[in-house]
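K.L.:
Provided herewith: entry20.cif, mmCIF, C-alpha atoms.
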data_model
#
loop_
_atom_site.group_PDB
_atom_site.id
_atom_site.type_symbol
_atom_site.label_atom_id
_atom_site.label_comp_id
_atom_site.auth_asym_id
_atom_site.auth_seq_id
_atom_site.Cartn_x
_atom_site.Cartn_y
_atom_site.Cartn_z
ATOM 1 C CA MET K 1 -14.905 74.807 238.668
ATOM 2 C CA THR K 2 -13.706 74.393 242.266
ATOM 3 C CA LEU K 3 -12.185 77.303 244.192
ATOM 4 C CA LEU K 4 -11.539 75.486 247.478
ATOM 5 C CA ASP K 5 -11.019 71.759 247.958
ATOM 6 C CA VAL K 6 -10.540 70.442 251.513
ATOM 7 C CA THR K 7 -9.643 66.758 251.884
ATOM 8 C CA ASP K 8 -9.391 64.796 255.161
ATOM 9 C CA LEU K 9 -8.425 67.897 257.151
ATOM 10 C CA ARG K 10 -7.269 67.090 260.674
ATOM 11 C CA THR K 11 -6.425 69.834 263.158
ATOM 12 C CA HIS K 12 -5.380 68.604 266.585
ATOM 13 C CA PHE K 13 -4.421 70.297 269.833
ATOM 14 C CA PHE K 14 -1.562 68.565 271.621
ATOM 15 C CA THR K 15 -2.077 69.238 275.332
ATOM 16 C CA ARG K 16 -0.719 67.749 278.542
ATOM 17 C CA ALA K 17 -4.073 66.028 279.036
ATOM 18 C CA GLY K 18 -3.913 64.401 275.609
ATOM 19 C CA VAL K 19 -4.698 65.093 271.969
ATOM 20 C CA ALA K 20 -7.918 67.004 271.258
ATOM 21 C CA ARG K 21 -9.089 66.217 267.728
ATOM 22 C CA ALA K 22 -10.887 69.500 267.084
ATOM 23 C CA VAL K 23 -11.148 68.798 263.343
ATOM 24 C CA ASP K 24 -11.086 65.126 262.514
ATOM 25 C CA GLY K 25 -11.218 64.171 258.838
ATOM 26 C CA VAL K 26 -13.209 67.066 257.348
ATOM 27 C CA SER K 27 -13.677 67.144 253.558
ATOM 28 C CA PHE K 28 -15.678 69.531 251.368
ATOM 29 C CA SER K 29 -15.374 71.695 248.277
ATOM 30 C CA LEU K 30 -16.538 75.179 247.372
ATOM 31 C CA ALA K 31 -17.202 76.777 243.987
ATOM 32 C CA PRO K 32 -16.780 80.477 243.111
ATOM 33 C CA GLY K 33 -19.829 82.441 244.215
ATOM 34 C CA GLU K 34 -21.129 79.611 246.385
ATOM 35 C CA ILE K 35 -22.258 80.202 249.981
ATOM 36 C CA LEU K 36 -21.583 77.342 252.372
ATOM 37 C CA GLY K 37 -23.102 77.215 255.854
ATOM 38 C CA LEU K 38 -21.141 75.502 258.634
ATOM 39 C CA VAL K 39 -23.338 74.789 261.658
ATOM 40 C CA GLY K 40 -23.182 72.965 264.979
ATOM 41 C CA GLU K 41 -23.031 73.453 268.724
ATOM 42 C CA SER K 42 -20.203 75.322 270.423
ATOM 43 C CA GLY K 43 -17.115 73.126 270.464
ATOM 44 C CA SER K 44 -18.082 71.170 267.358
ATOM 45 C CA GLY K 45 -15.027 72.368 265.416
ATOM 46 C CA LYS K 46 -16.603 75.049 263.216
ATOM 47 C CA SER K 47 -14.282 77.928 264.081
ATOM 48 C CA VAL K 48 -11.158 75.752 264.153
ATOM 49 C CA THR K 49 -12.041 74.608 260.631
ATOM 50 C CA GLY K 50 -12.221 78.248 259.542
ATOM 51 C CA PHE K 51 -8.934 79.147 261.243
ATOM 52 C CA SER K 52 -7.260 76.118 259.655
ATOM 53 C CA LEU K 53 -8.183 77.301 256.171
ATOM 54 C CA ILE K 54 -6.125 80.466 256.524
ATOM 55 C CA GLY K 55 -3.347 79.165 258.746
ATOM 56 C CA LEU K 56 -4.359 80.860 261.990
ATOM 57 C CA VAL K 57 -4.223 77.880 264.347
ATOM 58 C CA ASP K 58 -2.008 78.718 267.315
ATOM 59 C CA PRO K 59 0.061 76.237 269.375
ATOM 60 C CA PRO K 60 -0.558 73.760 270.884
ATOM 61 C CA GLY K 61 -2.809 73.269 267.865
ATOM 62 C CA ARG K 62 -1.580 72.390 264.404
ATOM 63 C CA ILE K 63 -2.797 70.831 261.182
ATOM 64 C CA ALA K 64 -1.939 67.174 261.655
ATOM 65 C CA GLY K 65 -2.930 66.000 258.189
ATOM 66 C CA GLY K 66 -5.028 66.497 255.105
ATOM 67 C CA SER K 67 -5.055 68.937 252.225
ATOM 68 C CA ILE K 68 -6.419 72.450 251.622
ATOM 69 C CA ARG K 69 -6.217 73.454 247.972
ATOM 70 C CA PHE K 70 -7.216 77.015 247.116
ATOM 71 C CA ASP K 71 -7.409 77.841 243.414
ATOM 72 C CA GLY K 72 -4.976 74.998 242.734
ATOM 73 C CA GLN K 73 -2.479 76.020 245.453
ATOM 74 C CA GLU K 74 -1.820 73.775 248.448
ATOM 75 C CA LEU K 75 -2.142 75.857 251.634
ATOM 76 C CA VAL K 76 -1.041 73.183 254.115
ATOM 77 C CA GLY K 77 2.701 73.651 254.528
ATOM 78 C CA MET K 78 2.805 76.813 252.390
ATOM 79 C CA ALA K 79 5.606 79.231 253.261
ATOM 80 C CA PRO K 80 4.391 81.875 255.764
ATOM 81 C CA ASP K 81 5.179 84.828 253.472
ATOM 82 C CA ARG K 82 3.181 83.308 250.597
ATOM 83 C CA LEU K 83 0.271 82.591 252.934
ATOM 84 C CA ARG K 84 0.326 86.172 254.247
ATOM 85 C CA ALA K 85 0.161 87.425 250.656
ATOM 86 C CA LEU K 86 -3.090 85.477 250.184
ATOM 87 C CA ARG K 87 -4.686 86.464 253.486
ATOM 88 C CA GLY K 88 -6.586 89.707 253.262
ATOM 89 C CA ARG K 89 -6.251 89.880 249.483
ATOM 90 C CA ARG K 90 -7.702 86.644 248.099
ATOM 91 C CA ILE K 91 -8.898 85.073 251.360
ATOM 92 C CA ALA K 92 -10.388 87.181 254.139
ATOM 93 C CA MET K 93 -11.830 86.307 257.518
ATOM 94 C CA VAL K 94 -14.427 88.047 259.645
ATOM 95 C CA PHE K 95 -13.993 87.102 263.304
ATOM 96 C CA GLN K 96 -16.808 86.761 265.806
ATOM 97 C CA ASP K 97 -15.087 89.267 268.087
ATOM 98 C CA PRO K 98 -14.132 92.479 266.231
ATOM 99 C CA GLN K 99 -11.491 93.180 268.879
ATOM 100 C CA ALA K 100 -9.518 90.329 267.282
ATOM 101 C CA THR K 101 -9.415 92.392 264.086
ATOM 102 C CA LEU K 102 -9.106 96.024 265.137
ATOM 103 C CA ASN K 103 -6.029 97.722 266.642
ATOM 104 C CA PRO K 104 -7.154 99.946 269.547
ATOM 105 C CA VAL K 105 -4.395 102.550 269.036
ATOM 106 C CA LEU K 106 -4.968 103.234 265.319
ATOM 107 C CA THR K 107 -7.866 105.037 263.699
ATOM 108 C CA ILE K 108 -10.242 103.029 261.555
ATOM 109 C CA GLY K 109 -9.092 104.921 258.455
ATOM 110 C CA THR K 110 -5.431 104.132 259.138
ATOM 111 C CA GLN K 111 -6.161 100.449 259.654
ATOM 112 C CA MET K 112 -8.208 100.183 256.469
ATOM 113 C CA ALA K 113 -5.531 102.024 254.484
ATOM 114 C CA LEU K 114 -2.861 99.639 255.795
ATOM 115 C CA ALA K 115 -4.997 96.663 254.798
ATOM 116 C CA LEU K 116 -5.201 98.001 251.247
ATOM 117 C CA GLN K 117 -1.580 99.107 250.947
ATOM 118 C CA ALA K 118 -0.285 95.750 252.226
ATOM 119 C CA HIS K 119 -1.371 94.186 248.942
ATOM 120 C CA GLY K 120 -0.641 96.853 246.356
ATOM 121 C CA ARG K 121 0.304 100.442 245.555
ATOM 122 C CA VAL K 122 -2.619 102.575 246.740
ATOM 123 C CA THR K 123 -2.482 106.305 247.444
ATOM 124 C CA ASP K 124 -3.782 107.630 250.741
ATOM 125 C CA ARG K 125 -6.627 109.393 248.919
ATOM 126 C CA ALA K 126 -7.647 106.290 247.013
ATOM 127 C CA ALA K 127 -7.463 104.226 250.195
ATOM 128 C CA ALA K 128 -9.706 106.701 252.036
ATOM 129 C CA ASP K 129 -12.218 106.670 249.192
ATOM 130 C CA ARG K 130 -12.297 102.871 249.119
ATOM 131 C CA ALA K 131 -12.638 102.658 252.910
ATOM 132 C CA THR K 132 -15.470 105.195 252.899
ATOM 133 C CA ALA K 133 -17.318 103.209 250.246
ATOM 134 C CA MET K 134 -16.974 99.978 252.193
ATOM 135 C CA LEU K 135 -18.118 101.534 255.481
ATOM 136 C CA THR K 136 -21.137 102.998 253.713
ATOM 137 C CA ARG K 137 -21.851 99.609 252.171
ATOM 138 C CA VAL K 138 -22.176 97.970 255.610
ATOM 139 C CA GLY K 139 -24.444 100.707 256.955
ATOM 140 C CA ILE K 140 -22.158 103.056 258.879
ATOM 141 C CA PRO K 141 -23.475 106.657 258.618
ATOM 142 C CA GLU K 142 -21.147 109.589 257.935
ATOM 143 C CA ALA K 143 -18.498 107.081 256.873
ATOM 144 C CA ALA K 144 -15.928 109.651 255.713
ATOM 145 C CA THR K 145 -15.961 111.308 259.142
ATOM 146 C CA ARG K 146 -15.843 108.018 261.044
ATOM 147 C CA LEU K 147 -12.515 107.120 259.393
ATOM 148 C CA ASN K 148 -10.898 109.433 261.961
ATOM 149 C CA ASN K 149 -12.384 107.556 264.933
ATOM 150 C CA TYR K 150 -10.743 104.875 267.049
ATOM 151 C CA PRO K 151 -12.358 101.462 267.679
ATOM 152 C CA HIS K 152 -13.450 102.392 271.226
ATOM 153 C CA GLU K 153 -15.554 105.203 269.758
ATOM 154 C CA PHE K 154 -17.811 102.651 268.049
ATOM 155 C CA SER K 155 -20.425 100.435 269.646
ATOM 156 C CA GLY K 156 -19.890 96.653 269.557
ATOM 157 C CA GLY K 157 -22.217 96.253 266.595
ATOM 158 C CA MET K 158 -20.566 99.131 264.742
ATOM 159 C CA ARG K 159 -17.121 97.621 265.334
ATOM 160 C CA GLN K 160 -18.361 94.377 263.804
ATOM 161 C CA ARG K 161 -19.570 96.259 260.743
ATOM 162 C CA VAL K 162 -16.110 97.840 260.438
ATOM 163 C CA ALA K 163 -14.541 94.364 260.591
ATOM 164 C CA ILE K 164 -16.846 93.169 257.811
ATOM 165 C CA ALA K 165 -15.963 96.247 255.727
ATOM 166 C CA MET K 166 -12.251 95.482 256.157
ATOM 167 C CA ALA K 167 -12.806 91.939 254.914
ATOM 168 C CA LEU K 168 -14.456 93.321 251.775
ATOM 169 C CA LEU K 169 -11.748 95.920 251.051
ATOM 170 C CA ASN K 170 -9.583 93.942 248.617
ATOM 171 C CA GLY K 171 -12.410 92.129 246.856
ATOM 172 C CA PRO K 172 -11.369 88.632 248.053
ATOM 173 C CA ASP K 173 -12.257 85.417 246.247
ATOM 174 C CA LEU K 174 -13.176 83.725 249.554
ATOM 175 C CA ILE K 175 -14.514 85.100 252.820
ATOM 176 C CA VAL K 176 -14.623 82.970 255.959
ATOM 177 C CA ALA K 177 -17.174 84.543 258.314
ATOM 178 C CA ASP K 178 -17.173 83.256 261.906
ATOM 179 C CA GLU K 179 -20.597 84.236 263.300
ATOM 180 C CA PRO K 180 -20.073 87.865 262.226
ATOM 181 C CA THR K 181 -23.621 89.105 262.834
ATOM 182 C CA THR K 182 -24.027 87.822 266.410
ATOM 183 C CA ALA K 183 -23.622 91.300 267.938
ATOM 184 C CA LEU K 184 -25.798 93.102 265.381
ATOM 185 C CA ASP K 185 -29.446 94.031 265.760
ATOM 186 C CA VAL K 186 -31.976 92.286 263.532
ATOM 187 C CA SER K 187 -32.357 95.051 260.942
ATOM 188 C CA ILE K 188 -28.602 95.469 260.439
ATOM 189 C CA GLN K 189 -28.159 91.691 260.394
ATOM 190 C CA ALA K 190 -30.670 91.449 257.547
ATOM 191 C CA GLN K 191 -28.832 94.225 255.705
ATOM 192 C CA ILE K 192 -25.476 92.463 256.057
ATOM 193 C CA LEU K 193 -26.913 89.113 254.942
ATOM 194 C CA ALA K 194 -28.451 90.727 251.862
ATOM 195 C CA GLU K 195 -25.123 92.423 251.108
ATOM 196 C CA MET K 196 -23.226 89.140 251.422
ATOM 197 C CA LYS K 197 -25.648 87.352 249.089
ATOM 198 C CA ALA K 198 -25.339 90.167 246.559
ATOM 199 C CA LEU K 199 -21.536 90.053 246.823
ATOM 200 C CA ALA K 200 -21.489 86.333 246.059
ATOM 201 C CA ARG K 201 -23.936 86.730 243.182
ATOM 202 C CA ASP K 202 -22.377 89.794 241.536
ATOM 203 C CA SER K 203 -18.635 89.269 242.054
ATOM 204 C CA GLY K 204 -18.284 85.503 242.371
ATOM 205 C CA THR K 205 -16.917 85.728 245.913
ATOM 206 C CA ALA K 206 -17.304 82.419 247.741
ATOM 207 C CA LEU K 207 -18.446 82.547 251.350
ATOM 208 C CA ILE K 208 -18.171 80.145 254.287
ATOM 209 C CA TRP K 209 -20.679 81.240 256.924
ATOM 210 C CA ILE K 210 -19.965 79.709 260.351
ATOM 211 C CA SER K 211 -22.968 79.881 262.654
ATOM 212 C CA HIS K 212 -25.123 78.161 265.246
ATOM 213 C CA ASP K 213 -28.170 80.026 263.862
ATOM 214 C CA LEU K 214 -29.969 77.664 261.502
ATOM 215 C CA ALA K 215 -32.478 80.354 260.522
ATOM 216 C CA THR K 216 -29.691 82.601 259.246
ATOM 217 C CA VAL K 217 -28.028 79.755 257.370
ATOM 218 C CA SER K 218 -31.327 78.702 255.772
ATOM 219 C CA SER K 219 -31.842 82.187 254.334
ATOM 220 C CA LEU K 220 -28.255 82.661 253.165
ATOM 221 C CA ALA K 221 -26.479 79.438 252.208
ATOM 222 C CA ASP K 222 -26.632 77.227 249.141
ATOM 223 C CA ARG K 223 -25.263 74.180 250.969
ATOM 224 C CA VAL K 224 -24.855 73.322 254.630
ATOM 225 C CA LEU K 225 -22.359 71.209 256.572
ATOM 226 C CA VAL K 226 -23.435 70.021 260.025
ATOM 227 C CA MET K 227 -20.502 69.441 262.384
ATOM 228 C CA TYR K 228 -20.347 67.413 265.580
ATOM 229 C CA ALA K 229 -17.250 66.499 267.594
ATOM 230 C CA GLY K 230 -14.896 67.629 264.829
ATOM 231 C CA ARG K 231 -16.629 65.731 262.018
ATOM 232 C CA ILE K 232 -19.116 66.589 259.307
ATOM 233 C CA VAL K 233 -22.071 64.371 260.181
ATOM 234 C CA GLU K 234 -24.361 65.640 257.417
ATOM 235 C CA SER K 235 -24.060 67.754 254.286
ATOM 236 C CA GLY K 236 -26.179 68.725 251.323
ATOM 237 C CA PRO K 237 -28.314 71.495 249.796
ATOM 238 C CA VAL K 238 -29.560 73.678 252.623
ATOM 239 C CA GLY K 239 -33.251 73.332 251.762
ATOM 240 C CA ALA K 240 -33.156 69.543 251.572
ATOM 241 C CA VAL K 241 -31.119 69.110 254.752
ATOM 242 C CA LEU K 242 -33.263 71.425 256.860
ATOM 243 C CA ARG K 243 -36.573 70.104 255.515
ATOM 244 C CA ALA K 244 -35.776 66.417 256.002
ATOM 245 C CA PRO K 245 -32.474 65.779 257.795
ATOM 246 C CA LEU K 246 -30.823 62.383 257.638
ATOM 247 C CA HIS K 247 -28.843 62.587 260.874
ATOM 248 C CA PRO K 248 -30.560 62.549 264.295
ATOM 249 C CA TYR K 249 -28.238 65.341 265.444
ATOM 250 C CA THR K 250 -29.462 67.654 262.665
ATOM 251 C CA ARG K 251 -33.040 66.737 263.583
ATOM 252 C CA GLY K 252 -32.285 67.598 267.208
ATOM 253 C CA LEU K 253 -30.857 70.999 266.276
ATOM 254 C CA LEU K 254 -33.987 71.806 264.269
ATOM 255 C CA ASP K 255 -36.389 70.585 266.943
ATOM 256 C CA SER K 256 -34.684 72.774 269.557
ATOM 257 C CA LEU K 257 -35.502 75.981 267.650
ATOM 258 C CA PRO K 258 -38.076 78.113 269.513
ATOM 259 C CA ALA K 259 -40.118 78.417 266.317
ATOM 260 C CA MET K 260 -40.724 74.657 266.392
ATOM 261 C CA ALA K 261 -42.463 74.711 269.792
ATOM 262 C CA GLN K 262 -46.161 75.278 270.389
ATOM 263 C CA PRO K 263 -47.091 78.163 272.714
ATOM 264 C CA GLY K 264 -47.006 76.975 276.312
ATOM 265 C CA GLN K 265 -44.927 73.896 275.570
ATOM 266 C CA ARG K 266 -41.394 73.308 276.790
ATOM 267 C CA LEU K 267 -38.688 73.663 274.188
ATOM 268 C CA ALA K 268 -37.234 70.417 272.884
ATOM 269 C CA GLN K 269 -33.576 69.840 273.608
ATOM 270 C CA ILE K 270 -30.840 67.378 272.777
ATOM 271 C CA PRO K 271 -30.139 65.443 275.990
ATOM 272 C CA GLY K 272 -26.701 65.497 277.552
ATOM 273 C CA SER K 273 -23.789 67.546 276.284
ATOM 274 C CA ALA K 274 -21.152 67.330 273.586
ATOM 275 C CA PRO K 275 -18.346 64.885 274.438
ATOM 276 C CA SER K 276 -14.859 65.965 275.410
ATOM 277 C CA LEU K 277 -12.572 65.969 272.388
ATOM 278 C CA LEU K 278 -9.963 64.375 274.656
ATOM 279 C CA ALA K 279 -12.189 61.347 275.321
ATOM 280 C CA LEU K 280 -14.527 60.703 272.427
ATOM 281 C CA PRO K 281 -16.791 57.662 272.776
ATOM 282 C CA GLN K 282 -16.037 54.596 270.696
ATOM 283 C CA GLY K 283 -17.833 54.510 267.369
ATOM 284 C CA CYS K 284 -20.385 57.259 266.743
ATOM 285 C CA PRO K 285 -19.631 60.293 268.965
ATOM 286 C CA PHE K 286 -23.322 61.248 269.050
ATOM 287 C CA ALA K 287 -24.501 57.827 270.266
ATOM 288 C CA PRO K 288 -24.642 58.723 274.015
ATOM 289 C CA ARG K 289 -27.182 61.480 273.208
ATOM 290 C CA CYS K 290 -29.096 59.730 270.420
ATOM 291 C CA ALA K 291 -32.536 58.127 270.866
ATOM 292 C CA HIS K 292 -31.828 55.790 267.934
ATOM 293 C CA ALA K 293 -28.511 54.433 269.241
ATOM 294 C CA ASP K 294 -27.985 50.706 269.700
ATOM 295 C CA ALA K 295 -25.109 48.232 269.823
ATOM 296 C CA ALA K 296 -24.225 48.922 266.187
ATOM 297 C CA CYS K 297 -23.301 52.486 267.096
ATOM 298 C CA THR K 298 -20.179 51.343 268.935
ATOM 299 C CA ALA K 299 -18.618 50.916 265.471
ATOM 300 C CA PRO K 300 -17.619 53.883 263.285
ATOM 301 C CA PRO K 301 -20.728 55.156 261.456
ATOM 302 C CA PRO K 302 -21.004 54.420 257.728
ATOM 303 C CA ARG K 303 -21.394 57.101 255.079
ATOM 304 C CA VAL K 304 -25.000 57.144 253.860
ATOM 305 C CA GLU K 305 -25.663 58.677 250.434
ATOM 306 C CA ARG K 306 -28.976 60.202 249.345
ATOM 307 C CA ALA K 307 -28.729 61.868 245.918
ATOM 308 C CA ASP K 308 -26.465 64.913 246.521
ATOM 309 C CA ARG K 309 -26.570 64.552 250.310
ATOM 310 C CA HIS K 310 -24.684 62.407 252.785
ATOM 311 C CA ALA K 311 -24.641 61.609 256.483
ATOM 312 C CA LEU K 312 -22.490 59.559 258.849
ATOM 313 C CA CYS K 313 -25.007 57.403 260.698
ATOM 314 C CA HIS K 314 -25.961 53.781 261.406
ATOM 315 C CA HIS K 315 -29.655 54.707 261.591
ATOM 316 C CA PRO K 316 -30.330 57.578 259.155
ATOM 317 C CA LEU K 317 -33.741 59.166 259.242
ATOM 318 C CA ALA K 318 -36.059 58.871 256.259
ATOM 319 C CA PRO K 319 -35.401 61.684 253.765
#
Would you encode the structure as structure tokens?
P.N.:
Amino acid sequence: MTLLDVTDLRTHFFTRAGVARAVDGVSFSLAPGEILGLVGESGSGKSVTGFSLIGLVDPPGRIAGGSIRFDGQELVGMAPDRLRALRGRRIAMVFQDPQATLNPVLTIGTQMALALQAHGRVTDRAAADRATAMLTRVGIPEAATRLNNYPHEFSGGMRQRVAIAMALLNGPDLIVADEPTTALDVSIQAQILAEMKALARDSGTALIWISHDLATVSSLADRVLVMYAGRIVESGPVGAVLRAPLHPYTRGLLDSLPAMAQPGQRLAQIPGSAPSLLALPQGCPFAPRCAHADAACTAPPPRVERADRHALCHHPLAP
């Protein structure tokens, strides 16, 4: 059974300088209870992919083509009121910056109650009880008392935990998490990751975890998509991809991890920088930074299949 089916998704930003193809032909599917990692450098299109799924791309950006089917419903072109009814109830998003989620002039309890009451008849008492349970679940002490606090009365990490609790409130079928543990300390991050895995396992909630942290993705996800310049350049089971990547870009990301370096040695790095989305190179966008590139790479890269994995590359690495 497929919960989410994304086909040839293209999200472009139409600027005075030209068209930036932030998401350029992305396709993937997601089953209930599955955890999908979406990784890549900043500017690779990860967050824009997440925003596209729930219709939160602001002008001058817009979905220029493709399909997003959620539980059989087409989201691209869906009426705004129908899309709002899905957001927060069946599809939730956790933003990297909790200030994008929380209203500074309302208490946390009021905001959580509004999030519940927007999607059904819930008494104030029941809403407070549900909010308290969710805050406790993400590790906020004295949760019932903290409902009366405003966002500025929480630390940055605590605000992020509140944002995660709000995403969990209505028991959504899909959560899109955009680097939600970046501001959390290691112990709380581990607690949140364990909670997310348990949520997927016990309730069948599907999760898209957007991150640049390969270590986090390796411990959490079932499958991983590696993005570069708006495209998925490699995908497959997380263990297989991270043990023996097919694409040189994935190999470069792994080699640049501090854990891969010997003490006293310089860290490996991918040379150069990601290309401008307004002026992508002809053929493979990674070619200018790739040690394996040759004349063939001026043509669009072919899709290389290896069992249940694939990569877009003229010179795939040995699996």
K.L.:
Around the point (-15.5, 74.2, 246.2) in the file's coordinates, collect all residues with an atom within 9 Å, using all atoms listed in the file, and return them as a list in words.
P.N.:
Met1, Thr2, Leu3, Leu4, Asp5, Val6, Phe28, Ser29, Leu30, Ala31, Pro32, Glu34, Phe70 and Ala206 of chain K
K.L.:
Which residues would end up in the selection if the PyMOL selection byres ((chain K and resi 216-221) around 12) were applied here, given that I need the answer as JSON, numbers by chain?
P.N.:
{"K": [30, 33, 34, 35, 36, 37, 38, 39, 40, 177, 179, 180, 181, 182, 186, 189, 190, 191, 192, 193, 194, 195, 196, 197, 198, 199, 200, 201, 206, 207, 208, 209, 210, 211, 212, 213, 214, 215, 222, 223, 224, 225, 226, 236, 237, 238, 239, 240, 241, 242, 243, 254]}
K.L.:
Suppose a student applies the PyMOL selection byres ((chain K and resi 289) around 6) to this structure; what residues should they get, written as a list in words?
P.N.:
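On the file shown, the PyMOL selection byres ((chain K and resi 289) around 6) covers Pro271, Gly272, Phe286, Ala287, Pro288 and Cys290 of chain K.
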K.L.:
Since I can't run it myself right now, could you work out what the PyMOL selection byres ((chain K and resi 268) around 7) selects here and report it as a VMD selection string?
P.N.:
chain K and resid 255 to 256 266 to 267 269
K.L.:
Which one is closest to Leu9 (chain K): K:Ile232, K:Ile140, K:Ala163, K:Ala92? Count all atoms listed in the file.
P.N.:
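Answer, going by the shortest atom-to-atom distance: K:Ile232.
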K.L.:
Give me the residues within 6 Å of region 142-150 of chain K as a PyMOL selection string, counting only C-alpha atoms and dropping any in the same chain fewer than 3 places off.
P.N.:
chain K and resi 107-109+132+135-136+153
K.L.:
Rounded to one decimal in Å, what is the spacing between CA of Pro285 (chain K) and CA of Tyr228 (chain K)?
P.N.:
7.9 Å
